[in-house]
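Peer 1: My file is target_14.csv. It has CSV, C-alpha atoms:
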chain,number,residue,atom,x,y,z
A,71,MET,CA,128.1,66.5,82.0
A,72,SER,CA,131.0,64.3,80.7
A,73,TRP,CA,132.5,64.1,84.1
A,74,VAL,CA,129.3,62.7,85.5
A,75,ARG,CA,129.7,59.9,83.0
A,76,SER,CA,133.3,59.5,83.8
A,77,ILE,CA,132.5,59.1,87.5
A,78,SER,CA,129.8,56.6,86.7
A,79,TYR,CA,132.1,54.5,84.6
A,80,SER,CA,135.2,55.0,86.6
A,81,GLY,CA,135.1,51.5,88.0
A,82,GLU,CA,137.3,49.2,86.0
A,83,ASP,CA,135.4,46.0,86.6
A,84,VAL,CA,132.3,46.9,84.6
A,85,PHE,CA,130.6,43.7,83.5
A,86,ASP,CA,127.7,43.6,81.3
A,87,GLU,CA,125.5,42.0,83.9
A,88,ASN,CA,125.9,45.1,86.0
A,89,ALA,CA,125.0,47.5,83.3
A,90,ASP,CA,121.3,47.8,84.4
A,91,ASP,CA,122.4,48.4,87.9
A,92,LEU,CA,124.9,51.1,86.8
A,93,ASN,CA,122.3,52.7,84.7
A,94,LEU,CA,120.0,52.8,87.7
A,95,GLN,CA,122.7,54.3,89.8
A,96,SER,CA,123.6,56.8,87.2
A,97,ARG,CA,120.0,57.8,86.9
A,98,GLU,CA,119.7,58.1,90.6
A,99,TRP,CA,122.9,60.2,90.6
A,100,ILE,CA,121.5,62.5,87.9
A,101,SER,CA,118.2,62.9,89.8
A,102,ASN,CA,120.2,63.7,93.0
A,103,MET,CA,122.2,66.3,91.2
A,104,LYS,CA,119.1,67.8,89.7
A,105,LYS,CA,117.8,68.1,93.2
A,106,ARG,CA,121.0,69.8,94.3
A,107,VAL,CA,120.5,72.4,91.5
A,108,LYS,CA,116.9,72.9,92.5
A,109,ASP,CA,117.8,73.3,96.2
A,110,GLY,CA,120.6,75.8,95.3
A,111,TYR,CA,118.2,77.6,93.0
A,112,VAL,CA,115.6,78.0,95.7
A,113,ASP,CA,118.2,79.3,98.2
A,114,GLY,CA,119.6,81.6,95.5
A,115,VAL,CA,116.2,83.1,94.7
A,116,ASP,CA,115.7,83.9,98.4
A,117,ALA,CA,119.1,85.3,98.9
A,118,GLY,CA,118.9,87.4,95.7
A,119,GLU,CA,115.5,88.7,96.7
A,120,GLU,CA,116.6,89.7,100.1
A,121,ALA,CA,119.7,91.4,98.8
A,122,SER,CA,117.9,93.6,96.3
A,123,LEU,CA,114.5,94.3,97.9
A,124,GLN,CA,115.7,97.3,99.8
A,125,LEU,CA,117.6,98.8,96.9
A,126,GLY,CA,114.5,98.4,94.7
A,127,PHE,CA,112.4,100.0,97.4
A,128,ASN,CA,114.6,103.0,97.8
A,129,ILE,CA,114.7,103.6,94.0
A,130,GLY,CA,110.9,103.1,93.7
A,131,PHE,CA,110.3,105.3,96.7
A,132,ARG,CA,112.1,108.2,95.0
A,133,GLU,CA,110.4,107.6,91.7
A,134,GLY,CA,106.9,107.4,93.2
A,135,ALA,CA,107.6,110.5,95.3
A,136,ALA,CA,108.7,112.5,92.2
A,137,GLN,CA,105.5,111.5,90.4
A,138,THR,CA,103.2,113.1,92.9
A,139,VAL,CA,105.1,116.3,93.8
A,140,PRO,CA,103.6,118.7,91.2
A,141,VAL,CA,100.0,117.6,91.7
A,142,GLY,CA,100.3,117.4,95.5
A,143,ARG,CA,101.6,121.0,95.6
A,144,LEU,CA,98.9,122.2,93.2
A,145,LYS,CA,96.3,120.6,95.5
A,146,GLY,CA,97.8,122.5,98.4
A,147,ILE,CA,97.7,125.8,96.5
A,148,VAL,CA,94.1,125.4,95.3
A,149,SER,CA,93.1,124.3,98.8
A,150,ALA,CA,94.7,127.4,100.3
A,151,ILE,CA,92.9,129.6,97.7
A,152,TRP,CA,89.7,127.9,98.7
A,153,CYS,CA,90.3,128.6,102.4
A,154,TRP,CA,91.3,132.2,101.6
A,155,TRP,CA,88.0,132.8,99.8
A,156,GLN,CA,86.0,131.4,102.7
A,157,ILE,CA,87.8,133.7,105.2
A,158,HIS,CA,87.6,136.8,103.0
A,159,HIS,CA,84.1,136.4,101.6
A,160,PRO,CA,82.3,134.6,104.4
A,161,GLU,CA,78.9,135.5,102.9
A,162,THR,CA,79.6,134.4,99.3
A,163,PRO,CA,80.0,130.7,98.5
A,164,VAL,CA,83.4,129.7,97.1
A,165,PRO,CA,83.1,130.2,93.3
A,166,SER,CA,82.6,127.0,91.3
A,167,SER,CA,85.8,127.8,89.3
A,168,VAL,CA,87.7,127.1,92.5
A,169,THR,CA,85.7,124.1,93.7
A,170,ASP,CA,85.8,122.5,90.2
A,171,LEU,CA,89.5,123.0,89.9
A,172,LEU,CA,90.1,121.5,93.3
A,173,HIS,CA,87.9,118.6,92.4
A,174,GLN,CA,89.8,118.0,89.2
A,175,VAL,CA,93.2,118.3,90.8
A,176,VAL,CA,92.1,115.7,93.3
A,177,GLN,CA,90.9,113.5,90.5
A,178,HIS,CA,94.2,113.9,88.7
A,179,GLU,CA,96.1,112.9,91.8
A,180,ASP,CA,93.8,109.9,92.3
A,181,THR,CA,94.5,108.8,88.7
A,182,ILE,CA,98.3,108.9,89.4
A,183,MET,CA,97.9,107.0,92.7
A,184,GLU,CA,95.5,104.5,91.0
A,185,GLY,CA,98.2,103.8,88.3
A,186,ILE,CA,100.8,103.2,91.0
A,187,ARG,CA,98.4,101.0,93.0
A,188,LYS,CA,97.4,99.0,90.0
A,189,SER,CA,101.0,98.2,89.1
A,190,LEU,CA,101.4,97.1,92.7
A,191,GLU,CA,98.4,94.8,92.8
A,192,ASN,CA,98.8,93.4,89.2
A,193,PRO,CA,102.5,93.4,88.6
A,194,PRO,CA,103.4,92.8,84.9
A,195,PRO,CA,103.6,89.0,84.7
A,196,SER,CA,107.2,88.0,84.8
A,197,VAL,CA,107.9,85.4,82.1
A,198,SER,CA,110.3,83.6,84.3
A,199,ASP,CA,107.4,83.2,86.8
A,200,VAL,CA,105.4,81.5,84.1
A,201,SER,CA,108.3,79.3,83.0
A,202,GLU,CA,109.0,78.4,86.6
A,203,SER,CA,105.5,77.3,87.1
A,204,MET,CA,105.7,75.3,83.9
A,205,GLU,CA,108.8,73.7,85.2
A,206,SER,CA,107.3,72.8,88.5
A,207,LEU,CA,104.4,71.2,86.7
A,208,GLU,CA,107.1,69.4,84.7
A,209,VAL,CA,105.4,70.4,81.5
A,210,ASP,CA,108.7,70.3,79.7
A,211,GLN,CA,109.6,66.9,80.8
A,212,ALA,CA,106.2,65.3,80.6
A,213,ASP,CA,105.4,66.5,77.1
A,214,PRO,CA,105.8,63.5,74.9
A,215,SER,CA,105.5,65.5,71.7
A,216,CYS,CA,108.7,67.3,72.4
A,217,ARG,CA,111.4,66.2,70.0
A,218,GLY,CA,114.2,68.4,71.3
A,219,GLU,CA,115.9,70.6,68.8
A,220,GLY,CA,113.3,70.4,66.0
A,221,CYS,CA,110.4,70.8,68.3
A,222,ASN,CA,108.0,73.6,67.2
A,223,ASN,CA,105.4,72.9,69.8
A,224,ALA,CA,104.2,76.0,71.6
A,225,GLY,CA,104.8,75.8,75.3
A,226,CYS,CA,107.5,73.3,74.9
A,227,CYS,CA,110.8,73.3,76.8
A,228,LYS,CA,112.8,75.3,74.2
A,229,ARG,CA,110.2,78.0,74.2
A,230,GLY,CA,110.5,78.3,78.0
A,231,GLU,CA,114.2,79.0,77.7
A,232,GLN,CA,113.8,81.6,75.0
A,233,MET,CA,111.1,83.3,76.9
A,234,ASP,CA,113.4,83.5,79.9
A,235,LEU,CA,115.8,85.5,77.9
A,236,ASP,CA,113.2,88.2,77.4
A,237,VAL,CA,113.0,88.9,81.1
A,238,PRO,CA,115.8,91.5,81.3
A,239,HIS,CA,113.8,93.6,78.8
A,240,GLN,CA,110.8,93.9,81.1
A,241,PRO,CA,112.0,96.9,83.1
A,242,GLN,CA,112.6,98.8,79.8
A,243,ARG,CA,109.1,98.1,78.6
A,244,LEU,CA,107.8,99.1,82.0
A,245,SER,CA,109.6,102.4,82.0
A,246,SER,CA,108.6,103.3,78.5
A,247,GLY,CA,105.0,102.6,79.4
A,248,SER,CA,105.1,104.9,82.4
A,249,ALA,CA,106.8,107.6,80.3
A,250,ASP,CA,103.8,107.6,77.9
A,251,CYS,CA,101.6,107.8,80.9
A,252,SER,CA,103.4,110.8,82.4
A,253,LEU,CA,103.3,112.6,79.0
A,254,ASN,CA,99.5,112.4,79.0
A,255,SER,CA,99.2,113.3,82.7
A,256,GLY,CA,101.8,116.0,82.2
A,257,GLU,CA,99.6,117.7,79.5
A,258,SER,CA,96.5,117.6,81.7
A,259,LEU,CA,98.6,118.8,84.6
A,260,ASN,CA,99.6,121.8,82.5
A,261,VAL,CA,96.0,122.6,81.8
A,262,LEU,CA,95.2,122.5,85.6
A,263,LEU,CA,98.2,124.7,86.4
A,264,GLN,CA,97.1,127.3,83.8
A,265,ARG,CA,93.6,127.4,85.3
A,266,CYS,CA,95.1,127.9,88.7
A,267,MET,CA,97.2,130.8,87.4
A,268,ASP,CA,94.1,132.3,85.8
A,269,LEU,CA,92.3,132.2,89.1
A,270,VAL,CA,95.2,133.9,90.9
A,271,SER,CA,95.0,136.8,88.4
A,272,GLU,CA,91.2,136.9,88.5
A,273,PHE,CA,91.1,137.2,92.3
A,274,GLY,CA,94.0,139.7,92.3
A,275,LEU,CA,96.2,137.4,94.5
A,276,PRO,CA,99.9,138.2,94.9
A,277,PRO,CA,101.8,137.6,91.7
A,278,GLU,CA,104.6,135.6,93.5
A,279,LEU,CA,102.0,132.9,93.6
A,280,ILE,CA,102.0,132.7,89.8
A,281,SER,CA,105.7,132.1,89.7
A,282,HIS,CA,105.3,129.3,92.4
A,283,ILE,CA,102.7,127.7,90.1
A,284,GLN,CA,104.9,128.1,87.1
A,285,ASP,CA,107.7,126.4,88.9
A,286,LEU,CA,105.6,123.2,89.1
A,287,LYS,CA,105.9,122.8,85.3
A,288,LYS,CA,109.6,122.4,85.7
A,289,ILE,CA,109.4,119.5,88.2
B,259,MET,CA,145.7,51.0,99.3
B,260,ALA,CA,145.4,52.2,95.7
B,261,GLY,CA,141.8,51.1,95.7
B,262,GLY,CA,141.3,53.0,99.0
B,263,SER,CA,142.6,56.3,97.6
B,264,GLY,CA,140.4,55.7,94.5
B,265,LYS,CA,137.4,55.5,96.8
B,266,GLU,CA,138.4,58.7,98.5
B,267,ASP,CA,138.8,60.4,95.2
B,268,LEU,CA,135.4,59.2,94.2
B,269,PHE,CA,134.0,60.5,97.5
B,270,ASP,CA,135.6,63.8,97.0
B,271,ASN,CA,134.3,64.0,93.5
B,272,ILE,CA,130.8,63.3,94.8
B,273,LEU,CA,131.1,66.0,97.4
B,274,MET,CA,132.5,68.4,94.9
B,275,ALA,CA,129.7,67.6,92.4
B,276,ASP,CA,127.2,68.2,95.1
B,277,GLU,CA,128.6,71.6,95.8
B,278,LYS,CA,129.1,72.4,92.1
B,279,PHE,CA,125.5,71.6,91.2
B,280,ARG,CA,124.2,73.4,94.3
B,281,GLY,CA,126.4,76.4,93.5
B,282,GLU,CA,125.2,76.4,89.9
B,283,GLY,CA,121.6,76.4,91.0
B,284,PHE,CA,122.3,79.1,93.6
B,285,ARG,CA,123.9,81.4,91.1
B,286,GLU,CA,121.0,81.1,88.7
B,287,GLY,CA,118.5,81.5,91.4
B,288,TYR,CA,120.3,84.4,92.9
B,289,GLU,CA,120.2,86.3,89.6
B,290,ARG,CA,116.5,85.6,89.3
B,291,GLY,CA,115.8,86.5,92.9
B,292,THR,CA,117.7,89.7,92.5
B,293,ARG,CA,115.6,90.8,89.6
B,294,ARG,CA,112.4,89.8,91.3
B,295,GLY,CA,113.3,91.4,94.6
B,296,PHE,CA,114.3,94.6,92.9
B,297,GLN,CA,111.1,94.8,90.9
B,298,ASN,CA,108.9,94.0,94.0
B,299,GLY,CA,110.8,96.5,96.1
B,300,ARG,CA,110.5,99.1,93.4
B,301,ARG,CA,106.8,98.7,93.1
B,302,HIS,CA,106.2,98.8,96.9
B,303,GLY,CA,108.6,101.7,97.2
B,304,ALA,CA,106.8,103.7,94.5
B,305,SER,CA,103.5,103.3,96.3
B,306,HIS,CA,104.9,104.4,99.7
B,307,GLY,CA,106.9,107.2,98.1
B,308,ALA,CA,103.9,108.5,96.2
B,309,LYS,CA,101.7,108.5,99.3
B,310,LEU,CA,104.2,110.3,101.5
B,311,SER,CA,105.1,112.8,98.8
B,312,THR,CA,101.4,113.6,98.1
B,313,GLU,CA,101.0,114.6,101.7
B,314,VAL,CA,104.2,116.6,102.1
B,315,SER,CA,103.7,118.3,98.7
B,316,PHE,CA,100.2,119.3,99.8
B,317,TYR,CA,101.6,120.9,102.9
B,318,TYR,CA,104.2,122.7,100.8
B,319,GLY,CA,101.7,124.1,98.3
B,320,PHE,CA,99.4,125.1,101.1
B,321,ALA,CA,102.1,126.8,103.2
B,322,THR,CA,103.7,128.5,100.2
B,323,THR,CA,100.3,130.0,99.1
B,324,TRP,CA,99.4,131.3,102.6
B,325,ASN,CA,102.9,132.7,102.9
B,326,CYS,CA,102.3,134.7,99.7
B,327,LEU,CA,98.9,135.8,100.8
B,328,LEU,CA,100.0,137.0,104.2
B,329,HIS,CA,103.4,138.2,103.4
B,330,ASN,CA,102.6,141.9,103.1
B,331,ASN,CA,100.4,142.0,106.2
B,332,THR,CA,102.2,143.7,109.1
B,333,ASP,CA,99.7,143.0,111.9
B,334,PRO,CA,101.0,140.8,114.7
B,335,LYS,CA,98.5,138.1,114.1
B,336,SER,CA,99.7,137.7,110.4
B,337,ARG,CA,103.3,137.9,111.5
B,338,LYS,CA,102.8,135.0,113.9
B,339,ARG,CA,101.1,133.0,111.1
B,340,VAL,CA,103.9,133.8,108.6
B,341,LYS,CA,106.4,132.6,111.2
B,342,ALA,CA,104.6,129.3,111.7
B,343,LEU,CA,104.3,128.9,107.9
B,344,GLU,CA,108.0,129.5,107.4
B,345,THR,CA,108.8,126.9,110.1
B,346,LEU,CA,106.7,124.4,108.3
B,347,LEU,CA,108.4,125.2,104.9
B,348,ASP,CA,111.8,124.8,106.6
B,349,LEU,CA,110.7,121.4,108.1
B,350,ILE,CA,109.7,120.3,104.6
B,351,GLN,CA,113.0,121.4,103.1
B,352,ASN,CA,115.0,119.5,105.6
B,353,CYS,CA,112.9,116.4,105.6
B,354,PRO,CA,114.9,113.4,104.2
B,355,LEU,CA,112.2,112.5,101.6
B,356,ASP,CA,114.7,110.9,99.3
B,357,ASP,CA,115.8,108.4,101.9
B,358,PRO,CA,113.1,106.0,103.0
B,359,GLN,CA,115.6,104.3,105.3
B,360,SER,CA,116.3,107.4,107.3
B,361,THR,CA,115.3,107.2,110.9
B,362,LYS,CA,114.7,110.9,110.9
B,363,LEU,CA,111.9,110.6,108.3
B,364,GLN,CA,109.3,109.3,110.7
B,365,ASP,CA,110.1,111.9,113.4
B,366,ASP,CA,110.1,114.7,110.8
B,367,MET,CA,106.7,113.6,109.4
B,368,GLU,CA,105.2,113.8,112.9
B,369,LYS,CA,106.6,117.3,113.4
B,370,LEU,CA,105.3,118.3,109.9
B,371,ARG,CA,101.8,117.0,110.7
B,372,SER,CA,101.6,118.7,114.0
B,373,LYS,CA,102.9,122.0,112.6
B,374,PHE,CA,100.3,121.8,109.8
B,375,ARG,CA,97.5,121.2,112.4
B,376,GLN,CA,98.8,124.2,114.4
B,377,ILE,CA,98.8,126.4,111.3
B,378,CYS,CA,95.2,125.3,110.3
B,379,SER,CA,94.0,126.2,113.8
B,380,MET,CA,95.8,129.6,113.6
B,381,LEU,CA,94.2,130.2,110.2
B,382,ASN,CA,90.9,128.9,111.5
B,383,VAL,CA,90.5,126.4,108.6
B,384,PRO,CA,89.7,122.7,108.7
B,385,THR,CA,92.7,120.4,109.2
B,386,ASP,CA,91.4,117.6,107.0
B,387,PHE,CA,91.6,118.7,103.4
B,388,ARG,CA,89.0,116.1,102.5
B,389,ASP,CA,86.5,118.4,104.1
B,390,TYR,CA,87.2,120.9,101.3
B,391,VAL,CA,86.8,118.3,98.7
B,392,LYS,CA,83.6,117.1,100.2
B,393,THR,CA,82.3,120.6,100.2
B,394,ALA,CA,83.6,121.0,96.6
B,395,GLU,CA,81.7,118.0,95.6
B,396,GLY,CA,78.6,119.2,97.5
B,397,THR,CA,78.5,122.5,95.7
B,398,SER,CA,79.4,121.3,92.2
B,399,PHE,CA,76.8,118.6,92.0
Let me see whether you can do it: turn the structure in this file into C-alpha cells.
Peer 2:
Amino acid sequence: MSWVRSISYSGEDVFDENADDLNLQSREWISNMKKRVKDGYVDGVDAGEEASLQLGFNIGFREGAAQTVPVGRLKGIVSAIWCWWQIHHPETPVPSSVTDLLHQVVQHEDTIMEGIRKSLENPPPSVSDVSESMESLEVDQADPSCRGEGCNNAGCCKRGEQMDLDVPHQPQRLSSGSADCSLNSGESLNVLLQRCMDLVSEFGLPPELISHIQDLKKI
Amino acid sequence: MAGGSGKEDLFDNILMADEKFRGEGFREGYERGTRRGFQNGRRHGASHGAKLSTEVSFYYGFATTWNCLLHNNTDPKSRKRVKALETLLDLIQNCPLDDPQSTKLQDDMEKLRSKFRQICSMLNVPTDFRDYVKTAEGTSF
C-alpha cells in the first residue's frame, strides 16, 4: 500500500493545516479502493461460479451415476425374477424370499439416494461462506478486542484468514467420507447379490444369470 | 505545464489503482466462485446422474434377466420378445450416460422408456415397478 501513501502525499505543498483534510481524503481514498476490491470480488465470484458450474455438474453426474449402477441393475434382476415367478406359478404367491429381497434392494437404493439428496440439501458448510458472512457483518473490523498480531480471540479477523486456508481441503474430506460410506454399502450390496444368486440356483434359473449378478461386484 | 502533466499522472494513477484493486478483488472472487460453482455443480450433477442411472440400470438388469430366461425358447412369441429385449439392451449400451450435456441423451431416454413399456406389455407385466414393491410390501407385512 506504500504507493497509496505516495499518491496521497505526492503534492509538494503540504502544509500542516491541511493535514486533517488530507487524512480525510486518504481515508476516503482507502474506502473507495476497498469498495473496488469488493466490487471486483463479487463480479469474480459470479464469473468463477459460472465458469465451473457445468464442469462440476458433469463430473458429479458421472460420480452419481456410477454409485447407483449395481443396485439399480440388481433391482431390475430381482424384479424380473419376481415377474417370472408370477407368470410361471400363477396360482402360488411369489415366495417371501423374493419379495423380501426386492424390498431390501429397494431400501438399499433409497439409502444411497438419500445420502446423495442429503448432501444436496445440506451441503457441508464452506468455511469461506462463514468467513464471508462474518466479513459482511464487519465482525472483524468492529471487534474492539482485536489487537492484531497478538490477538487470540476466537472469531477474530486472524482466525477468519486461517480458516479460509482450510477450504481447499474440503473436497478431500468429502471424498474420504463418501469412500467410507461406499465401503459399508458395498458390503451390504454383496450380501444382497449373494442372496440373489442363491435364489437363481434355488429356482433352477439359467446359470448365465449368476455370472451377470457376479459382474455387479466388479462395478 | 509541468503541473498539468503531474495532474494527468495522478489521474492515470487513480484510474490504474481503480483497475488494480478491482482486478485484485476479481481474482480472489473468481477463485472462490470457481470452487463454489464446482462443488454446487458436482452435488447437483450427482443427484441427477444417480436418478437417471437408477432408472437405466433397472431397465438393464430387467432386460438382461429376461433375455437369459427366454434365450433357449424357440417359439415365435419368445423370439419376438428376445428381439425386443436385445433392442433395449443395445439402446442402453449406446446411450450417452456419461455426458449429461449430450443432446442425444434426452431422445435416447424417451426411446428407452417406450421400449421398456413395449416389452412389459409383451411380457404381460406391470410397467411401473413400484407396483411390484407395493405388492412386495403387502405380502411381507
Peer 1: Give one line per residue of chain A that approaches chain B to at most 7 Å, naming the two atoms of the closest pair and their distance in Å to one decimal, counting only C-alpha atoms; sort by chain then ascending residue number and deliver it as JSON lines.
Peer 2:
{"residue": "A:Met103", "atom": "CA", "partner": "B:Phe279", "partner_atom": "CA", "distance": 6.2}
{"residue": "A:Arg106", "atom": "CA", "partner": "B:Arg280", "partner_atom": "CA", "distance": 4.8}
{"residue": "A:Val107", "atom": "CA", "partner": "B:Gly283", "partner_atom": "CA", "distance": 4.2}
{"residue": "A:Lys108", "atom": "CA", "partner": "B:Gly283", "partner_atom": "CA", "distance": 6.0}
{"residue": "A:Asp109", "atom": "CA", "partner": "B:Arg280", "partner_atom": "CA", "distance": 6.7}
{"residue": "A:Gly110", "atom": "CA", "partner": "B:Phe284", "partner_atom": "CA", "distance": 4.1}
{"residue": "A:Tyr111", "atom": "CA", "partner": "B:Gly283", "partner_atom": "CA", "distance": 4.1}
{"residue": "A:Val112", "atom": "CA", "partner": "B:Gly287", "partner_atom": "CA", "distance": 6.3}
{"residue": "A:Asp113", "atom": "CA", "partner": "B:Phe284", "partner_atom": "CA", "distance": 6.2}
{"residue": "A:Gly114", "atom": "CA", "partner": "B:Tyr288", "partner_atom": "CA", "distance": 3.9}
{"residue": "A:Val115", "atom": "CA", "partner": "B:Gly291", "partner_atom": "CA", "distance": 3.9}
{"residue": "A:Asp116", "atom": "CA", "partner": "B:Gly291", "partner_atom": "CA", "distance": 6.1}
{"residue": "A:Ala117", "atom": "CA", "partner": "B:Tyr288", "partner_atom": "CA", "distance": 6.2}
{"residue": "A:Gly118", "atom": "CA", "partner": "B:Thr292", "partner_atom": "CA", "distance": 4.1}
{"residue": "A:Glu119", "atom": "CA", "partner": "B:Gly295", "partner_atom": "CA", "distance": 4.1}
{"residue": "A:Glu120", "atom": "CA", "partner": "B:Gly295", "partner_atom": "CA", "distance": 6.6}
{"residue": "A:Ala121", "atom": "CA", "partner": "B:Thr292", "partner_atom": "CA", "distance": 6.8}
{"residue": "A:Ser122", "atom": "CA", "partner": "B:Phe296", "partner_atom": "CA", "distance": 5.1}
{"residue": "A:Leu123", "atom": "CA", "partner": "B:Gly295", "partner_atom": "CA", "distance": 4.6}
{"residue": "A:Gln124", "atom": "CA", "partner": "B:Gly299", "partner_atom": "CA", "distance": 6.2}
{"residue": "A:Leu125", "atom": "CA", "partner": "B:Phe296", "partner_atom": "CA", "distance": 6.7}
{"residue": "A:Gly126", "atom": "CA", "partner": "B:Phe296", "partner_atom": "CA", "distance": 4.2}
{"residue": "A:Phe127", "atom": "CA", "partner": "B:Gly299", "partner_atom": "CA", "distance": 4.1}
{"residue": "A:Asn128", "atom": "CA", "partner": "B:Gly303", "partner_atom": "CA", "distance": 6.2}
{"residue": "A:Ile129", "atom": "CA", "partner": "B:Arg300", "partner_atom": "CA", "distance": 6.2}
{"residue": "A:Gly130", "atom": "CA", "partner": "B:Arg300", "partner_atom": "CA", "distance": 4.0}
{"residue": "A:Phe131", "atom": "CA", "partner": "B:Gly303", "partner_atom": "CA", "distance": 4.0}
{"residue": "A:Arg132", "atom": "CA", "partner": "B:Asp356", "partner_atom": "CA", "distance": 5.7}
{"residue": "A:Glu133", "atom": "CA", "partner": "B:Ala304", "partner_atom": "CA", "distance": 6.0}
{"residue": "A:Gly134", "atom": "CA", "partner": "B:Ala304", "partner_atom": "CA", "distance": 3.9}
{"residue": "A:Ala135", "atom": "CA", "partner": "B:Ala308", "partner_atom": "CA", "distance": 4.3}
{"residue": "A:Gln137", "atom": "CA", "partner": "B:Ala308", "partner_atom": "CA", "distance": 6.7}
{"residue": "A:Thr138", "atom": "CA", "partner": "B:Thr312", "partner_atom": "CA", "distance": 5.5}
{"residue": "A:Val139", "atom": "CA", "partner": "B:Ser315", "partner_atom": "CA", "distance": 5.5}
{"residue": "A:Gly142", "atom": "CA", "partner": "B:Phe316", "partner_atom": "CA", "distance": 4.7}
{"residue": "A:Arg143", "atom": "CA", "partner": "B:Gly319", "partner_atom": "CA", "distance": 4.1}
{"residue": "A:Leu144", "atom": "CA", "partner": "B:Gly319", "partner_atom": "CA", "distance": 6.1}
{"residue": "A:Lys145", "atom": "CA", "partner": "B:Phe316", "partner_atom": "CA", "distance": 5.9}
{"residue": "A:Gly146", "atom": "CA", "partner": "B:Phe320", "partner_atom": "CA", "distance": 4.1}
{"residue": "A:Ile147", "atom": "CA", "partner": "B:Gly319", "partner_atom": "CA", "distance": 4.7}
{"residue": "A:Ser149", "atom": "CA", "partner": "B:Phe320", "partner_atom": "CA", "distance": 6.8}
{"residue": "A:Ala150", "atom": "CA", "partner": "B:Phe320", "partner_atom": "CA", "distance": 5.3}
{"residue": "A:Cys153", "atom": "CA", "partner": "B:Val383", "partner_atom": "CA", "distance": 6.6}
{"residue": "A:Ser166", "atom": "CA", "partner": "B:Ser398", "partner_atom": "CA", "distance": 6.6}
{"residue": "A:Thr169", "atom": "CA", "partner": "B:Ala394", "partner_atom": "CA", "distance": 4.7}
{"residue": "A:Asp170", "atom": "CA", "partner": "B:Ser398", "partner_atom": "CA", "distance": 6.8}
{"residue": "A:His173", "atom": "CA", "partner": "B:Val391", "partner_atom": "CA", "distance": 6.4}
{"residue": "A:Ile186", "atom": "CA", "partner": "B:Ser305", "partner_atom": "CA", "distance": 5.9}
{"residue": "A:Arg187", "atom": "CA", "partner": "B:Ser305", "partner_atom": "CA", "distance": 6.5}
{"residue": "A:Leu190", "atom": "CA", "partner": "B:Arg301", "partner_atom": "CA", "distance": 5.6}
{"residue": "A:Pro276", "atom": "CA", "partner": "B:Cys326", "partner_atom": "CA", "distance": 6.4}
{"residue": "A:Glu278", "atom": "CA", "partner": "B:Cys326", "partner_atom": "CA", "distance": 6.7}
{"residue": "A:Leu279", "atom": "CA", "partner": "B:Cys326", "partner_atom": "CA", "distance": 6.4}
Peer 1: Can you tell me how far CA of Phe273 in chain A sits from CA of Arg375 in chain B, in Å to one decimal?
Peer 2: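 Between CA of Phe273 in chain A and CA of Arg375 in chain B the gap works out to 26.5 Å.
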Peer 1: Measure the distance from CA of Ile289 in chain A to CA of Asp386 in chain B in Å and round it to one decimal.
Peer 2: 26.1 Å
Peer 1: Mind pulling up the distance from CA of Ser360 in chain B to CA of Ser372 in chain B?
Peer 2: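 Value for the CA of Ser372 in chain B-CA of Ser360 in chain B distance: 19.7 Å.
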Peer 1: Determine, counting all atoms listed in the file, which protein, DNA and RNA residues have an atom within 7 Å of an atom of Val175 in chain A; residues of the same chain fewer than 4 positions away are not included. Present the result as a list in words.
Peer 2: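 The residues that qualify are Val141, Lys145, Leu171, Glu179 and Leu262 of chain A.
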